Amino acid sequence: MRNNNNNNNKNDNVVTLQDYNNKVENQWCPGCYNFAILTALKRALVELQKKPEEICLVSGIGQAAKTPQYLRCNYFNGLHGRALSVATGVCAANPHLTTIVTTGDGDCYGEGGNHFLHTIRRNPKFTLIVHNNQIYGLTKGQASPTTDKGDRTRLQMSGVENYPLRPLALAIIQGCTFVARGFTGDIPHLAKLFVEAIKHPAFSYIDVIQPCIIWGTRSMNWYKERVYQLPADFDPSDKQAALAKAMEWEDKIPVGIIYKAPADPVFADRFRSEVGADKLYEAPPPDRSVIREVLNSYC
Amino acid sequence: MRNNNNNNNKNDNVVTLQDYNNKVENQWCPGCYNFAILTALKRALVELQKKPEEICLVSGIGQAAKTPQYLRCNYFNGLHGRALSVATGVCAANPHLTTIVTTGDGDCYGEGGNHFLHTIRRNPKFTLIVHNNQIYGLTKGQASPTTDKGDRTRLQMSGVENYPLRPLALAIIQGCTFVARGFTGDIPHLAKLFVEAIKHPAFSYIDVIQPCIIWGTRSMNWYKERVYQLPADFDPSDKQAALAKAMEWEDKIPVGIIYKAPADPVFADRFRSEVGADKLYEAPPPDRSVIREVLNSYC
Amino acid sequence: MNKNDIGIIISGAAGQGLQTVGYVLAKALSRSGYEVFAWQEYESRIRGGSNSYMIRVGEKIAAAPIERFSIFLPLDAKSRAKYLPLLEDDGVLIEEREAAGREREATEGGPAVVTVPFQQIAEQQLGNKLYANTVAVGALAGILGMDLAVVNDILTEEFGRKGAEVTAANIAAAKAGYDLATAQTSAAQRWQLPSTSTSGAKYFISGNETLALGAAAAGCNFMSAYPMTPSTGIITFLSAYSRKLGVLTEQAEDEIAAINMAIGASYAGARAMTATSGGGFCLMTEGVSLAGMTETPMVIVLGQRPGPATGLPTRTEQGDLLFAINAGHGEFPKAVLAPADARDAFYKAARAFTLAEKYQIPVIVMTDQYLADAYSTIDLDPDLLLQAAAGAAQAVDGAAQAVEVAGGGDDQLAGNAGAGDGAEYYRYALTDSGISPRRFPGQGPQLVCCDSDEHDESGHITEDLQLRQKMVEKRMHKLEALRQEIAPPEAHLVEDVKIVLLSWGSSRSAVFEAVARLRAAGHKVGALHFTELWPLPDYTFAEGVRYYTVESNAGGQLARLLRGEYALRLAGSICRYDGLPLTSSYIVQSPVMTAALGNGGGMRHAQ
Amino acid sequence: MNKNDIGIIISGAAGQGLQTVGYVLAKALSRSGYEVFAWQEYESRIRGGSNSYMIRVGEKIAAAPIERFSIFLPLDAKSRAKYLPLLEDDGVLIEEREAAGREREATEGGPAVVTVPFQQIAEQQLGNKLYANTVAVGALAGILGMDLAVVNDILTEEFGRKGAEVTAANIAAAKAGYDLATAQTSAAQRWQLPSTSTSGAKYFISGNETLALGAAAAGCNFMSAYPMTPSTGIITFLSAYSRKLGVLTEQAEDEIAAINMAIGASYAGARAMTATSGGGFCLMTEGVSLAGMTETPMVIVLGQRPGPATGLPTRTEQGDLLFAINAGHGEFPKAVLAPADARDAFYKAARAFTLAEKYQIPVIVMTDQYLADAYSTIDLDPDLLLQAAAGAAQAVDGAAQAVEVAGGGDDQLAGNAGAGDGAEYYRYALTDSGISPRRFPGQGPQLVCCDSDEHDESGHITEDLQLRQKMVEKRMHKLEALRQEIAPPEAHLVEDVKIVLLSWGSSRSAVFEAVARLRAAGHKVGALHFTELWPLPDYTFAEGVRYYTVESNAGGQLARLLRGEYALRLAGSICRYDGLPLTSSYIVQSPVMTAALGNGGGMRHAQ
Ligand SMILES: Cc1ncc(C[n+]2csc(CCOP(=O)(O)OP(=O)(O)O)c2C)c(N)n1
Ligand SMILES: Cc1ncc(C[n+]2csc(CCOP(=O)(O)OP(=O)(O)O)c2C)c(N)n1
Ligand code: SF4
Ligand code: SF4
Ligand SMILES: [Mg+2]
Ligand SMILES: [Mg+2]
């Protein structure tokens with residue numbers, strides 16, 4: 001009945017990959033590229049020398065959203081589509097946690113589309129990782145918002161008719177200051193992106209190409225033939241250029257940091273500095289005298 | 001108990017403004033710029049010589065969403081945030097109606113944000129008119145997604161902290177083929193935009209600047225000083241240029257058709273052509289023999 | 001004519017300043033030491049229409065709405081026509097003679113008329129029409145025989161920030177109205193209040209405000225919400241006092257975000273709340289279920305208004321009782337509370353947090369537009385405040401407490417669960433009480449894993465169906481202890497009665513007033529009033545009594561609930577569903593009541 | 001050992017082809033003329049885990065699940081270990097000797113073992129491991145003594161599109177398995193089915209499929225939905241047959257869009273439906289309320305699964321009854337139906353549309369994972385089909401019909417309402433029945449105005465509170481006529497019994513089977529089964545009977561509902577909430593049943 005969360009830490013203070021392993025049976029299909037994301041994420045956390053108890057993963061529902069199960073750390077695995085809202089609440093209550101959302105394209109852009117739009121505007125300090133397999137994996141192969149036009153699925157039997165969502169461009173428009181695309185075909189590069197994103201002092205976002213080997217409409221090879229790394233001289237601070245890159249698909253698919261700008265103040269920081277609050281579970285309720293003071297204005 | 005919907009048509013077949021008048025008491029504030037939108041819309045419908053019974057207005061909840069009450073025509077005034085979904089259903093059931101959504105910035109971009117994203121991708125043939133007063137009017141002055149950063153409202157007393165939504169840019173990214181901005185300070189121009197939008201053979205969208213004289217954070221003058229019409233040589237078919245224009249705000253605010261592209265096939269057309277269906281209320285249920293045929297595959 | 005319980009109604013269009021007139025007067029009355037109860041009726045628009053601000057005042061009054069009034073001051077012709085029928089024959093009508101379209105309907109034996117040309121005075125004596133409303137306030141103060149000094153104090157507080165000149169002009173305006181009204185002596189003396197002596201601090205405050213303050217006092221430090229009448233006032237209040245009270249408030253993009261943010265914040269250690277009305281609550285129900293499954297404490301305020309759908313957005317109703325109790329898919333424990341009035345709202349808010357933290361459940365607090373917006377004079381006892389805060393504080397360290405409870409169960413388990421840093425920790429440890437040790441992520445080396453799927457003790461997804469059964473039982477088991485501490489209905493004069501009225505939430509004062517009136521008329525009637533509605537505690541209903549529910553809805557939802565829980569046989573329901581609050585007159589004069597009393601309408605005279 | 005009612009269980013990991021093995025076998029059995037009932041248990045994952053496909057077959061069987069089986073064929077070691085305890089002692093275990101980690105547990109007197117090296121045969125005789133599953137099908141066919149020709153037909157139908165070669169190989173594989181199994185004669189003969197004669201067309205079909213087809217037959221031509229287990233199969237089916245059946249299907253971005261699209265489509269004249277499960281239903285509740293307020297007919301399928309929150313997404317439960325009945329804020333009429341089985345689902349879907357159109361209300365059809373996924377042999381009578389279609393057709397011109405009903409009321413009104421093109425038209429005309437004339441926008445010059453706010457007869461927003469009251473009464477009044485035509489519970493052997501089981505929805509077959517078993521053991525037990533749950537009709541429960549509810553939930557929701565509606569006193573509830581469907585064994589052996597019978601466990605032997 002229990003999956004032991006025992007602290008695997010050795011006595012020294014160095015965090016290793018092993019600290020992030022747990023004994024939970026993985027439910028993904030053998031060969032699924034979600035494993036690549038899991039590996040890259042663990043490597044990034046080790047590189048950042050974050051302890052499991054400092055991490056808080058938040059997810060919704062779907063294959064991608066199962067990620068927190070397979071990584072020894074704090075997590076909240078909530079409702080389909082709502083991970084961004086939960087994570088915003090987590091950041092509000094405790095800014096010291098390294099909060100990371102692991103979600104799918106259906107979870108984040110479909111059911112959760114409205115939170116995707118508005119969470120970016122709110123700019124809470126956490127990292128959003130979208131496992132974009134362009135399909136609804138867990139529910140057995142319906143089109144997601146990013147499924148390409150014309151692709152046939154288990155539900156869209158004669159082909160998807162909708163224009164595909166371009167999430168990176170949306171994020172740029174919404175004022176996101178760290179927008180990247182990763183690829184499960186290149187784990188070291190992906191891990192590096194994760195490190196950069198987590199280090200970014202504001203909301204950061206990575207859409208990761210993660211072919212679904214069961215229901216996916218495109219093979220790993222299809223992506224491999226198109227994916228290219230942004231050249232060294234690409235300037236991720238140029239918003240218009242970034243927008244153009246963010247719309248690229250079909251023939252060539254850029255990966256890397258597509259847009260990066262100086263971070264704006266993050267959600268709840270102003271409240272925190274003005275009130276002197278830190279972790280909300282340590283905040284005492286207001287003194288009776290304060291309550292009386294407020295009440296007295298109603299005399 | 002009844003607001004008479006009596007047909008005001010004279011015996012000839014020419015539609016006049018009067019055909020669109022009804023006797024319903026208007027609940028907007030005297031001087032509200034929603035009246036300008038109402039006027040422009042009536043003029044556009046007259047110019048298009050549409051009969052009231054050919055029109056179907058769909059709205060959500062808010063001041064803007066009251067528009068259908070004040071115009072003699074068919075309408076469905078539904079839930080806050082859900083007008084786009086209802087209108088999609090209307091188009092699916094009856095493509096012969098001229099369907100128009102009149103909604104507010106809170107209704108459409110806040111509560112209804114997810115439908116805004118995905119309805120555009122679906123491309124149903126109707127026109128979306130957003131009365132953008134950058135505020136929640138009906139609920140007495142809370143920030144909407146388009147309220148500018150730093151503006152103080154009844155709820156955001158020390159100023160809005162969120163990055164404002166740029167709805168026109170979002171629409172372009174989502175594949176909308178008719179994207180315009182209108183201004184209640186110029187009714188003839190607004191009416192012309194409405195005419196163009198309704199004529200567009202796919203989903204069309206106009207965001208209309210409509211200062212709220214009660215709760216608004218910017219005055220009509222503030223807008224008047226900044227609004228300019230797109231020059232005649234502006235090419236609305238250039239997506240990148242359109243995106244740049246769509247992001248313009250603060251100092252200069254362009255109005256007019258910002259992006260226009262050839263229309264893609266619209267929602268439900270493929271079904272309709274393959275099935276030979278037209279108005280769904282005229283479609284007979286499948287013949288018993290067809291049901292038997294399907295059942296027989298389960299023998 | 002009862003000078004100790006006077007009804008005043010002021011009417012006008014939205015945007016006319018009606019609310020300021022009413023509020024200044026009511027607050028001045030309250031400050032003067034009277035008991036004041038004020039409520040409003042308004043349309044869903046920002047300008048125009050016909051609204052009213054109603055005040056009931058006296059030395060000792062029932063804090064309940066009434067149907068007819070003794071003093072009427074209309075600010076415009078349209079609302080004058082609408083509300084004039086509510087004026088008592090022996091009342092007084094204060095009006096601006098000059099206004100167009102107004103016919104003097106007062107006749108011999110009918111209401112007295114006091115003429116005060118508000119606008120003319122404002123313009124001619126004060127140089128600005130804007131002061132007309134303050135002239136009206138002064139006139140009302142005159143009729144009521146108030147001490148103008150108190151009115152001046154309130155005016156200074158209200159207009160002080162607009163500068164000394166504006167304040168002085170307002171004070172002069174009030175005096176002008178006062179003088180003109182008192183000059184018309186015969187009419188004016190009719191409704192002069194008896195003098196009263198102020199005793200102790202009294203607060204003139206609304207249900208939304210007491211609820212918000214009660215929540216903050218109980219340690220609420222995070223509120224996310226999406227605006228929706230009539231609950232918007234709660235986040236508006238907490239935003240205004242955000243820094244002072246230490247409450248982080250956030251307007252969400254929709255109600256789904258609002259509840260999920262609150263759940264996230266609570267998971268990470270905040271005391272979190274959200275507030276909405278029916279339509280928004282619909283959207284939150286999945287989140288309520290999530291809070292139930294993940295055992296995340298949180299408080300949801302459901303400010304009811306008449307449905308279905310958008311309905312009548314600014315009116316009142318109690319139409320969501322069964323929906324709230326059964327809200328959320330699947331089965332999980334929750335508590336549903338419904339404050340009786342603004343005072344109770346303060347304590348119930350604190351109680352909601354206490355129950356939420358203790359049982360790690362969602363708690364729904366049901367109010368309605370009437371309760372949310374109504375103001376009343378409350379004499380809050382600081383010691384009672386202290387008690388409430390202490391009650392809440394008891395649960396502040398939810399984690400520690402839960403560990404103790406858990407310790408009562410399985411020793412080996414408690415050993416693990418309760419141990420300090422570095423030990424094994426199971427968020428959903430199976431315990432005797434069903435309550436598992438709660439910790440917050442980042443609080444120590446223990447990992448806090450919460451899951452929306454069915455999970456094992458550590459919080460990981462499980463497909464073990466035996467464990468599933470145990471987890472259901474663990475969660476549902478919390479309901480049993482919770483039920484033990486839920487308050488039974490408040491019994492009001494139920495000894496030896498043959499008829500008992502059953503009611504819930506905001507209608508208490510109206511129902512108890514109805515009981516008083518019925519008893520005064522010789523009928524043996526009592527009442528049982530519920531403010532804690534789920535789970536319902538064991539309760540024995542006296543035999544040989546006819547039970548009637550009194551509800552602000554059409555479906556008789558309380559009746560259905562009580563039948564479902566107690567298999568109680570009911571004699572009938574008195575239901576109101578026109579958007580207005582229940583009043584003692586409505587209850588007393590309802591056909592069901594009349595039939596119940598078997599006197600064919602003996603109570604049909606007006607209040 | 002009952003050769004006329006054999007239980008077969010096949011187990012394996014997700015992705016192993018388990019479903020194909022089971023389906024081919026079950027369909028072949030059905031085609032052979034037996035009654036077949038097949039249901040599944042699966043985890044929420046795409047590969048791996050331990051799933052099972054279960055078949056009950058005989059000449060005449062109860063279409064209900066059972067707990068133990070006579071034939072067991074595991075496809076992997078893990079699931080073998082999990083399900084072996086379910087094999088009867090006199091059963092037969094068919095297995096691949098070679099597989100690693102398998103210990104022969106069969107002993108003298110225990111299950112017979114038939115060894116069929118599926119993989120080896122597939123590889124060596126057919127050149128491809130992929131055919132192993134078909135070898136297994138053949139082995140099962142052999143044990144059951146089936147006519148291989150029927151199996152070959154099904155294989156041809158299933159694999160035909162992959163080419164002649166693949167089909168031929170599959171047929172050869174089946175034969176190899178068949179031969180090897182029948183060669184091991186003693187074991188093989190144990191469970192040979194008696195021969196049967198096919199009579200009439202029988203369909204082997206699931207609840208999701210019959211429900212979808214019933215909807216289409218009733219004229220449903222628009223369906224919008226968001227994928228959610230276990231309801232996804234409905235839109236998948238209608239998408240596959242979209243062109244043939246004339247149903248426009250659309251995957252929405254979320255459940256809120258799904259229901260609002262359907263409402264829009266219905267307003268404009270489509271017959272619209274959506275389907276979801278608990279979490280998605282939460283998000284739809286505001287739309288349900290909108291349909292109630294705007295009087296827009298629509299059908300919502302709520303395929304239940306164990307909650308709360310995400311719960312056990314692929315298992316079964318009846319945990320949403322009270323939530324569904326009370327769903328949506330405010331008060332409005334709705335109907336809630338719950339089909340008893342796949343056959344009933346076909347008719348109930350049509351009935352749902354009929355009621356929705358006639359009363360202009362939302363109708364909720366409650367199924368669950370068990371009913372949605374279970375396949376059974378149904379002998380659908382074309383005439384009955386016709387009747388259902390006709391019943392639906394009766395309401396096809398909802399407008400015309402409603403006008404007639406309206407005509408019964410206020411003559412002057414009906415004159416207006418019913419008049420043809422060009423006349424005045426009031427969408428919400430107040431009528432005696434509460435049903436107003438429905439037209440579609442664009443159908444004629446009449447304007448069709450619908451409002452989510454409280455509205456006047458023309459559909460425009462009103463703040464007239466007297467009209468509000470009338471509109472509430474108009475809407476609620478529809479409930480009364482609706483109640484008249486709601487079916488009472490199906491009475492099953494209730495004459496002269498002392499114990500009656502009360503049940504609802506998908507559990508009928510299991511409950512009736514339990515009744516049969518109890519009666520066979522000499523207990524006077526009957527059953528009342530509900531498939532129409534809201535509004536509940538007038539019904540008189542016999543006195544002197546102990547009533548027990550039987551439910552797939554922990555809260556005893558049917559009990560609470562019946563108490564609330566009938567003030568019925570109940571003796572107890574038999575509840576299952578481990579995610580598995582109710583079975584006659586579960587009911588018969590439950591402690592509550594045992595106590596009820598007062599025989600201390602006399603029925604505790606296994607089925
Ligand atoms: C409210 C709600 N609606 C629908 C579902 C069913 N559901 C679970 S996962 C999922 C789609 C997941 O797609 P994606 O996010 O792309 O994740 P993937 O499985 O592809 O990684 C859906 C529709 C649900 N759990 N809750
Ligand atoms: C589900 C739900 N949430 C909240 C509301 C309350 N509400 C009504 S209108 C509105 C905002 C309207 O803003 P906008 O769309 O900008 O319209 P405006 O009044 O400014 O024209 C809100 C929050 C509601 N009716 N329903
Ligand atoms: S279904 Fe696709 S996304 Fe899901 S685990 Fe399998 S391969 Fe991965
Ligand atoms: S509140 Fe603002 S938007 Fe609403 S009617 Fe008044 S001026 Fe117009
Ligand atoms: Mg996906
Ligand atoms: Mg607005």
# chains A, B, ... in the order shown; residues from 1 in each chain; ligands from 1
>>> residues_near_ligand(ligand="ligand 4", cutoff="7 Å", atoms="only C-alpha atoms and all ligand atoms", output="PyMOL selection string")
(chain B and resi 28-29+31-34+63-64+133+137-138+140+212-216) or (chain C and resi 46-47)
>>> write_last_selection(atoms="all heavy atoms", output="short mmCIF file (atom, residue, chain, number, x, y, z; two decimals), in the first residue's frame")
data_model
loop_
_atom_site.label_atom_id
_atom_site.label_comp_id
_atom_site.auth_asym_id
_atom_site.auth_seq_id
_atom_site.Cartn_x
_atom_site.Cartn_y
_atom_site.Cartn_z
N TRP B 28 -28.02 50.21 -20.60
CA TRP B 28 -26.69 50.79 -20.53
C TRP B 28 -26.73 52.20 -19.92
O TRP B 28 -27.77 52.88 -19.97
CB TRP B 28 -26.08 50.90 -21.94
CG TRP B 28 -25.70 49.58 -22.52
CD1 TRP B 28 -25.22 48.50 -21.87
CD2 TRP B 28 -25.76 49.23 -23.91
NE1 TRP B 28 -24.98 47.48 -22.77
CE2 TRP B 28 -25.30 47.91 -24.02
CE3 TRP B 28 -26.15 49.90 -25.08
CZ2 TRP B 28 -25.21 47.24 -25.24
CZ3 TRP B 28 -26.06 49.25 -26.29
CH2 TRP B 28 -25.61 47.92 -26.38
N CYS B 29 -25.61 52.65 -19.43
CA CYS B 29 -25.52 54.01 -18.90
C CYS B 29 -25.69 55.01 -20.03
O CYS B 29 -25.18 54.79 -21.13
CB CYS B 29 -24.15 54.25 -18.28
SG CYS B 29 -23.70 53.01 -17.06
N GLY B 31 -24.79 57.64 -22.47
CA GLY B 31 -23.47 58.06 -22.93
C GLY B 31 -22.48 56.93 -23.12
O GLY B 31 -21.36 57.14 -23.58
N CYS B 32 -22.89 55.72 -22.77
CA CYS B 32 -21.99 54.56 -22.92
C CYS B 32 -21.67 54.36 -24.40
O CYS B 32 -22.54 54.48 -25.26
CB CYS B 32 -22.65 53.31 -22.36
SG CYS B 32 -21.71 51.81 -22.70
N TYR B 33 -20.43 54.02 -24.70
CA TYR B 33 -20.04 53.83 -26.10
C TYR B 33 -20.53 52.50 -26.68
O TYR B 33 -20.31 52.23 -27.86
CB TYR B 33 -18.53 54.01 -26.26
CG TYR B 33 -18.15 55.47 -26.07
CD1 TYR B 33 -17.64 55.92 -24.86
CD2 TYR B 33 -18.38 56.40 -27.08
CE1 TYR B 33 -17.34 57.27 -24.67
CE2 TYR B 33 -18.08 57.74 -26.90
CZ TYR B 33 -17.57 58.17 -25.70
OH TYR B 33 -17.28 59.49 -25.52
N ASN B 34 -21.19 51.71 -25.87
CA ASN B 34 -21.86 50.54 -26.44
C ASN B 34 -22.93 50.97 -27.44
O ASN B 34 -23.22 50.24 -28.39
CB ASN B 34 -22.50 49.69 -25.33
CG ASN B 34 -21.52 48.76 -24.68
OD1 ASN B 34 -20.65 48.18 -25.34
ND2 ASN B 34 -21.64 48.59 -23.37
N GLN B 63 -22.03 43.83 -19.87
CA GLN B 63 -22.73 44.95 -20.52
C GLN B 63 -22.77 44.73 -22.03
O GLN B 63 -23.82 44.86 -22.67
CB GLN B 63 -22.02 46.27 -20.22
CG GLN B 63 -21.95 46.63 -18.75
CD GLN B 63 -23.29 47.12 -18.21
OE1 GLN B 63 -24.35 46.77 -18.73
NE2 GLN B 63 -23.22 47.91 -17.16
N ALA B 64 -21.62 44.39 -22.60
CA ALA B 64 -21.54 44.16 -24.04
C ALA B 64 -22.54 43.08 -24.44
O ALA B 64 -23.22 43.18 -25.46
CB ALA B 64 -20.12 43.72 -24.40
N ASN B 133 -13.72 47.30 -23.44
CA ASN B 133 -13.62 48.50 -22.60
C ASN B 133 -12.53 48.35 -21.55
O ASN B 133 -12.43 49.15 -20.62
CB ASN B 133 -14.98 48.84 -21.96
CG ASN B 133 -15.53 47.68 -21.16
OD1 ASN B 133 -14.86 46.66 -20.99
ND2 ASN B 133 -16.75 47.81 -20.67
N GLY B 137 -17.33 45.73 -16.73
CA GLY B 137 -18.30 46.79 -16.49
C GLY B 137 -19.43 46.36 -15.57
O GLY B 137 -19.67 46.97 -14.54
N LEU B 138 -20.09 45.29 -15.96
CA LEU B 138 -21.32 44.91 -15.25
C LEU B 138 -21.07 44.57 -13.78
O LEU B 138 -21.90 44.81 -12.93
CB LEU B 138 -21.99 43.74 -15.97
CG LEU B 138 -23.39 43.38 -15.47
CD1 LEU B 138 -24.35 44.55 -15.60
CD2 LEU B 138 -23.95 42.18 -16.25
N LYS B 140 -18.89 45.92 -11.95
CA LYS B 140 -18.47 47.14 -11.25
C LYS B 140 -16.98 47.35 -11.11
O LYS B 140 -16.48 47.72 -10.04
CB LYS B 140 -19.15 47.24 -9.88
CG LYS B 140 -20.65 47.10 -9.96
CD LYS B 140 -21.34 47.54 -8.70
CE LYS B 140 -22.84 47.59 -8.91
NZ LYS B 140 -23.56 48.00 -7.70
N CYS B 212 -15.31 52.64 -21.20
CA CYS B 212 -16.38 52.61 -20.20
C CYS B 212 -16.31 53.91 -19.42
O CYS B 212 -15.28 54.21 -18.80
CB CYS B 212 -16.20 51.41 -19.28
SG CYS B 212 -17.28 51.44 -17.83
N ILE B 213 -17.40 54.67 -19.48
CA ILE B 213 -17.35 56.00 -18.86
C ILE B 213 -17.56 55.95 -17.35
O ILE B 213 -17.45 56.95 -16.67
CB ILE B 213 -18.39 56.94 -19.51
CG1 ILE B 213 -19.81 56.36 -19.38
CG2 ILE B 213 -18.05 57.18 -20.98
CD1 ILE B 213 -20.89 57.28 -19.92
N ILE B 214 -17.83 54.76 -16.84
CA ILE B 214 -18.02 54.64 -15.39
C ILE B 214 -16.79 54.05 -14.71
O ILE B 214 -16.25 54.62 -13.77
CB ILE B 214 -19.24 53.76 -15.06
CG1 ILE B 214 -20.49 54.26 -15.80
CG2 ILE B 214 -19.46 53.69 -13.55
CD1 ILE B 214 -21.02 55.59 -15.33
N TRP B 215 -16.35 52.91 -15.18
CA TRP B 215 -15.26 52.21 -14.50
C TRP B 215 -13.95 52.24 -15.28
O TRP B 215 -12.93 51.78 -14.77
CB TRP B 215 -15.61 50.75 -14.23
CG TRP B 215 -16.99 50.49 -13.75
CD1 TRP B 215 -18.02 49.92 -14.45
CD2 TRP B 215 -17.52 50.77 -12.44
NE1 TRP B 215 -19.13 49.84 -13.67
CE2 TRP B 215 -18.86 50.35 -12.43
CE3 TRP B 215 -16.97 51.35 -11.28
CZ2 TRP B 215 -19.68 50.48 -11.31
CZ3 TRP B 215 -17.79 51.48 -10.17
CH2 TRP B 215 -19.11 51.05 -10.18
N GLY B 216 -14.01 52.67 -16.50
CA GLY B 216 -12.84 52.60 -17.37
C GLY B 216 -11.64 53.33 -16.80
O GLY B 216 -11.78 54.31 -16.06
N ILE C 46 -25.80 49.56 -14.22
CA ILE C 46 -24.93 50.49 -13.52
C ILE C 46 -25.60 51.86 -13.37
O ILE C 46 -25.34 52.60 -12.44
CB ILE C 46 -23.57 50.61 -14.25
CG1 ILE C 46 -22.93 49.23 -14.41
CG2 ILE C 46 -22.62 51.57 -13.53
CD1 ILE C 46 -22.71 48.49 -13.11
N ARG C 47 -26.47 52.20 -14.29
CA ARG C 47 -27.19 53.47 -14.25
C ARG C 47 -28.65 53.19 -14.56
O ARG C 47 -28.98 52.31 -15.35
CB ARG C 47 -26.64 54.45 -15.30
CG ARG C 47 -25.24 54.97 -15.03
CD ARG C 47 -25.25 55.95 -13.87
NE ARG C 47 -23.90 56.45 -13.56
CZ ARG C 47 -23.09 55.87 -12.66
NH1 ARG C 47 -23.48 54.79 -12.00
NH2 ARG C 47 -21.90 56.39 -12.42
#
>>> closest_atom_pairs(of="chain D", to="ligand 2", cutoff="10 Å", atoms="only C-alpha atoms and all ligand atoms", output="JSON lines")
{"residue": "D:Glu286", "atom": "CA", "partner": "ligand 2", "partner_atom_place_in_ligand_line": "1 (C)", "distance": 7.7}
{"residue": "D:Ser452", "atom": "CA", "partner": "ligand 2", "partner_atom_place_in_ligand_line": "25 (N)", "distance": 9.6}
{"residue": "D:Asp453", "atom": "CA", "partner": "ligand 2", "partner_atom_place_in_ligand_line": "25 (N)", "distance": 9.4}
>>> residues_near_ligand(ligand="ligand 5", cutoff="12 Å", atoms="only C-alpha atoms and all ligand atoms", output="PyMOL selection string")
chain A and resi 32-34+60-66+80-81+102-111+130-147+207-217
>>> select_by_dssp(residues="segment 130-292 of chain D", states="strand (DSSP E)", output="ChimeraX atom specification")
/D:203-206,222-225,248-251,272-276
>>> write_last_selection(atoms="C-alpha atoms", output="PDB file, in the first residue's frame")
ATOM      1  CA  TYR D 203     -26.222  -8.487 -32.042  1.00  0.00           C
ATOM      2  CA  PHE D 204     -23.103  -8.676 -29.941  1.00  0.00           C
ATOM      3  CA  ILE D 205     -22.727  -5.078 -28.902  1.00  0.00           C
ATOM      4  CA  SER D 206     -21.711  -2.830 -26.013  1.00  0.00           C
ATOM      5  CA  PHE D 222     -25.112  16.773 -33.442  1.00  0.00           C
ATOM      6  CA  MET D 223     -22.696  15.574 -30.824  1.00  0.00           C
ATOM      7  CA  SER D 224     -19.914  17.582 -29.237  1.00  0.00           C
ATOM      8  CA  ALA D 225     -17.780  16.026 -26.541  1.00  0.00           C
ATOM      9  CA  LEU D 248     -22.097  15.841 -37.055  1.00  0.00           C
ATOM     10  CA  THR D 249     -19.542  15.129 -34.341  1.00  0.00           C
ATOM     11  CA  GLU D 250     -17.022  17.546 -32.920  1.00  0.00           C
ATOM     12  CA  GLN D 251     -14.298  17.145 -30.339  1.00  0.00           C
ATOM     13  CA  ALA D 272     -27.875  17.572 -29.716  1.00  0.00           C
ATOM     14  CA  MET D 273     -26.027  15.383 -27.277  1.00  0.00           C
ATOM     15  CA  THR D 274     -22.836  15.340 -25.292  1.00  0.00           C
ATOM     16  CA  ALA D 275     -21.177  12.675 -23.177  1.00  0.00           C
ATOM     17  CA  THR D 276     -18.635  12.750 -20.411  1.00  0.00           C
TER      18      THR D 276
END
>>> interface_residues(of="chain D", to="chain B", cutoff="6 Å", atoms="only C-alpha atoms", output="PyMOL selection string")
chain D and resi 202-204+219+243+245+257+260-262+264-265+268-270+424+441-442+445+447-452+456-458
